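Colleague: Have a look at the structure that comes next, please.
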Amino acid sequence: MPNLKDLDIKTEPLKILLVGENGTGKSVALGSFYKAGKLRIADFDGRLKPIKTFYPEADIDYDTFGADNYRQFLDEIESLQDKCPFKTWVLDSVTTSSACCVNFQLAMKDKLKTTKGGLPATSWDEINGETVLFTKMLEVMKIVHRKHKVNIIWTAHPIPKTEIIAGEANRTTTLVAYGNKVPALVPGYFDEIYNLQKEKSGMTSYKHVVYTVPKNGLPGKTAFPGILPDSFDITGKSFYDVLMSYLQK
């Protein structure tokens, strides 16, 4: 029977959600995890060029998925439960994979509802299907992380949201997905949620900063308070190397 006294959280595989707008360095950051061992990217965003540019010789396994080969992605998710030959498994991103999930379901329908303009229209069936799929994916990720000792990294894009609380407008953000349940489900799985931001540095240059705490309405949390700082600069650096420089002290 496992005992918490024997658990070394610094050596356990990581579960990381990277949140940030386009251009903040999420893809390059996740690509740096090839240094931890064999890296697999389930690519939905089609943004592998920055990784290739930054790490031209990196040995990284990937497939680019869309509605046309979504079944292949589902088969991979199922197979990972029994065997996962990778040290890190990446979903890039929640946002685009959510849209592909809905489009895949629409393509499988014999008869589609349409808008007045004749375009395909989604129903509660597709939204429920998206929720069921992501629930299943998160359960599989738990198994892969625990059973096979694999790092899990997902990326997501934020969207501003305004909530009225006690008569006052409160501006926050949520994850972009097709339905409303997935943005609520996904963050709860991850121990580490980092928001990446591109900030001005001097008159003409910018820097890429990782925040482990909420910043500018974006979520942030860590299981390593006091070990990881509230923020660290990864401009021109390997995200993996910088992260390990703190965790392996």
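Naming works like this for the structure tokens: A, B, ... for the chains as they're shown, residue 1 at the start of each chain, ligands 1 onward in shown order.
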Pick out the residues sitting within 12 Å of Thr88 in chain A, and hand them over as a CSV table (one decimal) with C-alpha atoms, in the first residue's frame; count only C-alpha atoms, and ignore anything fewer than 6 positions along from it in its own chain.
Modeller:
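File produced: selection24.csv:
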chain,number,residue,atom,x,y,z
A,13,PRO,CA,5.8,13.0,-13.8
A,14,LEU,CA,4.2,16.4,-14.4
A,15,LYS,CA,0.7,17.3,-15.4
A,16,ILE,CA,0.8,20.7,-17.0
A,30,LEU,CA,6.1,22.1,-24.8
A,31,GLY,CA,8.6,21.1,-27.5
A,32,SER,CA,11.4,21.5,-25.0
A,33,PHE,CA,10.2,18.4,-23.2
A,34,TYR,CA,11.9,16.2,-25.7
A,35,LYS,CA,14.8,16.6,-23.3
A,36,ALA,CA,12.9,14.5,-20.8
A,37,GLY,CA,12.7,11.5,-23.2
A,38,LYS,CA,10.5,10.5,-26.1
A,39,LEU,CA,8.0,13.2,-26.8
A,40,ARG,CA,4.6,12.6,-28.6
A,41,ILE,CA,2.5,15.6,-29.8
A,42,ALA,CA,-1.1,15.1,-30.8
A,60,ILE,CA,9.8,14.4,-31.6
A,61,ASP,CA,7.0,12.1,-32.7
A,62,TYR,CA,3.8,13.7,-33.9
A,80,LEU,CA,-2.4,4.6,-24.5
A,141,MET,CA,-4.6,10.7,-19.0
A,144,VAL,CA,-1.2,7.1,-18.5
A,145,HIS,CA,0.3,9.4,-15.9
A,148,HIS,CA,3.2,4.5,-17.3
A,149,LYS,CA,4.8,7.5,-15.4
A,150,VAL,CA,4.3,9.9,-18.3
A,151,ASN,CA,4.3,13.7,-18.3
A,152,ILE,CA,1.0,15.1,-19.6
A,153,ILE,CA,1.0,18.5,-21.2
A,154,TRP,CA,-2.1,20.2,-22.7
A,240,TYR,CA,12.1,22.3,-19.7
Colleague: Got a sec to tell me which of range 44-150 of chain A DSSP assigns to alpha helix (DSSP H), as a PyMOL selection string?
Modeller: chain A and resi 49-54+70-80+94-108+124-148
Colleague: Within range 119-158 of chain A, find each residue whose DSSP state, derived from the backbone, is strand (DSSP E or B), and express the selection as JSON, numbers by chain.
Modeller: {"A": [120, 121, 151, 152, 153, 154, 155, 156, 158]}
Colleague: Can you write just those residues out, N, CA and C atoms, as a PDB file, in the first residue's frame?
Modeller:
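Once everything was written out, this is part11.pdb:
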ATOM      1  N   PRO A 120     -24.436  23.708 -41.734  1.00  0.00           N
ATOM      2  CA  PRO A 120     -24.676  22.720 -40.673  1.00  0.00           C
ATOM      3  C   PRO A 120     -24.776  23.391 -39.309  1.00  0.00           C
ATOM      4  N   ALA A 121     -25.733  22.945 -38.511  1.00  0.00           N
ATOM      5  CA  ALA A 121     -25.927  23.507 -37.172  1.00  0.00           C
ATOM      6  C   ALA A 121     -25.759  22.405 -36.132  1.00  0.00           C
ATOM      7  N   ASN A 151       4.734  12.285 -18.432  1.00  0.00           N
ATOM      8  CA  ASN A 151       4.347  13.691 -18.310  1.00  0.00           C
ATOM      9  C   ASN A 151       3.178  13.968 -19.247  1.00  0.00           C
ATOM     10  N   ILE A 152       2.187  14.691 -18.762  1.00  0.00           N
ATOM     11  CA  ILE A 152       1.030  15.071 -19.580  1.00  0.00           C
ATOM     12  C   ILE A 152       1.020  16.595 -19.717  1.00  0.00           C
ATOM     13  N   ILE A 153       1.024  17.067 -20.963  1.00  0.00           N
ATOM     14  CA  ILE A 153       0.960  18.516 -21.211  1.00  0.00           C
ATOM     15  C   ILE A 153      -0.158  18.794 -22.204  1.00  0.00           C
ATOM     16  N   TRP A 154      -1.072  19.665 -21.819  1.00  0.00           N
ATOM     17  CA  TRP A 154      -2.105  20.150 -22.729  1.00  0.00           C
ATOM     18  C   TRP A 154      -1.951  21.660 -22.857  1.00  0.00           C
ATOM     19  N   THR A 155      -2.351  22.178 -24.007  1.00  0.00           N
ATOM     20  CA  THR A 155      -2.377  23.628 -24.176  1.00  0.00           C
ATOM     21  C   THR A 155      -3.822  24.084 -24.402  1.00  0.00           C
ATOM     22  N   ALA A 156      -4.065  25.346 -24.094  1.00  0.00           N
ATOM     23  CA  ALA A 156      -5.403  25.910 -24.283  1.00  0.00           C
ATOM     24  C   ALA A 156      -5.292  27.405 -24.526  1.00  0.00           C
ATOM     25  N   PRO A 158      -7.116  31.219 -24.150  1.00  0.00           N
ATOM     26  CA  PRO A 158      -8.084  31.896 -23.273  1.00  0.00           C
ATOM     27  C   PRO A 158      -8.999  32.831 -24.055  1.00  0.00           C
TER      28      PRO A 158
END
Colleague: Ranking A:Ile193, A:Ile234, A:Ala107, A:Val186 by minimum distance to Gly220 in chain A and counting only C-alpha atoms, which one comes first?
Modeller: A:Ile193
Colleague: In Å to one decimal, how far is CA of Leu243 in chain A from CA of Glu57 in chain A?
Modeller: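 Answer for the CA of Glu57 in chain A to CA of Leu243 in chain A separation: 21.1 Å.
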Colleague: Rounded to one decimal in Å, what is the spacing between CA of Val242 in chain A and CA of Gly217 in chain A?
Modeller: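 So the answer is 24.2 Å.
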Colleague: Pick from A:Ile159, A:Ile51, A:Val182, A:Ala177: nearest to Glu21 in chain A, with only C-alpha atoms counted?
Modeller: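 Result for the nearest residue to Glu21 in chain A: A:Ile159.
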Colleague: Restricting the calculation to only C-alpha atoms, which member of A:Thr53, A:Thr135, A:Ser205, A:Asn103 is positioned closest to Tyr189 in chain A?
Modeller: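 Looking only at the distances to Tyr189 in chain A, the closest residue turns out to be A:Thr135.
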Colleague: Neighbouring residues of Asp230 in chain A were defined as those with any atom within 8 Å, considering only C-alpha atoms; residues of the same chain fewer than 5 positions away were excluded. Please report them as a PyMOL selection string.
Modeller: chain A and resi 211-213
Colleague: One decimal, in Å: what's the spacing between CA of Gly236 in chain A and CA of Tyr206 in chain A?
Modeller: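 Between CA of Gly236 in chain A and CA of Tyr206 in chain A the gap is 10.9 Å.
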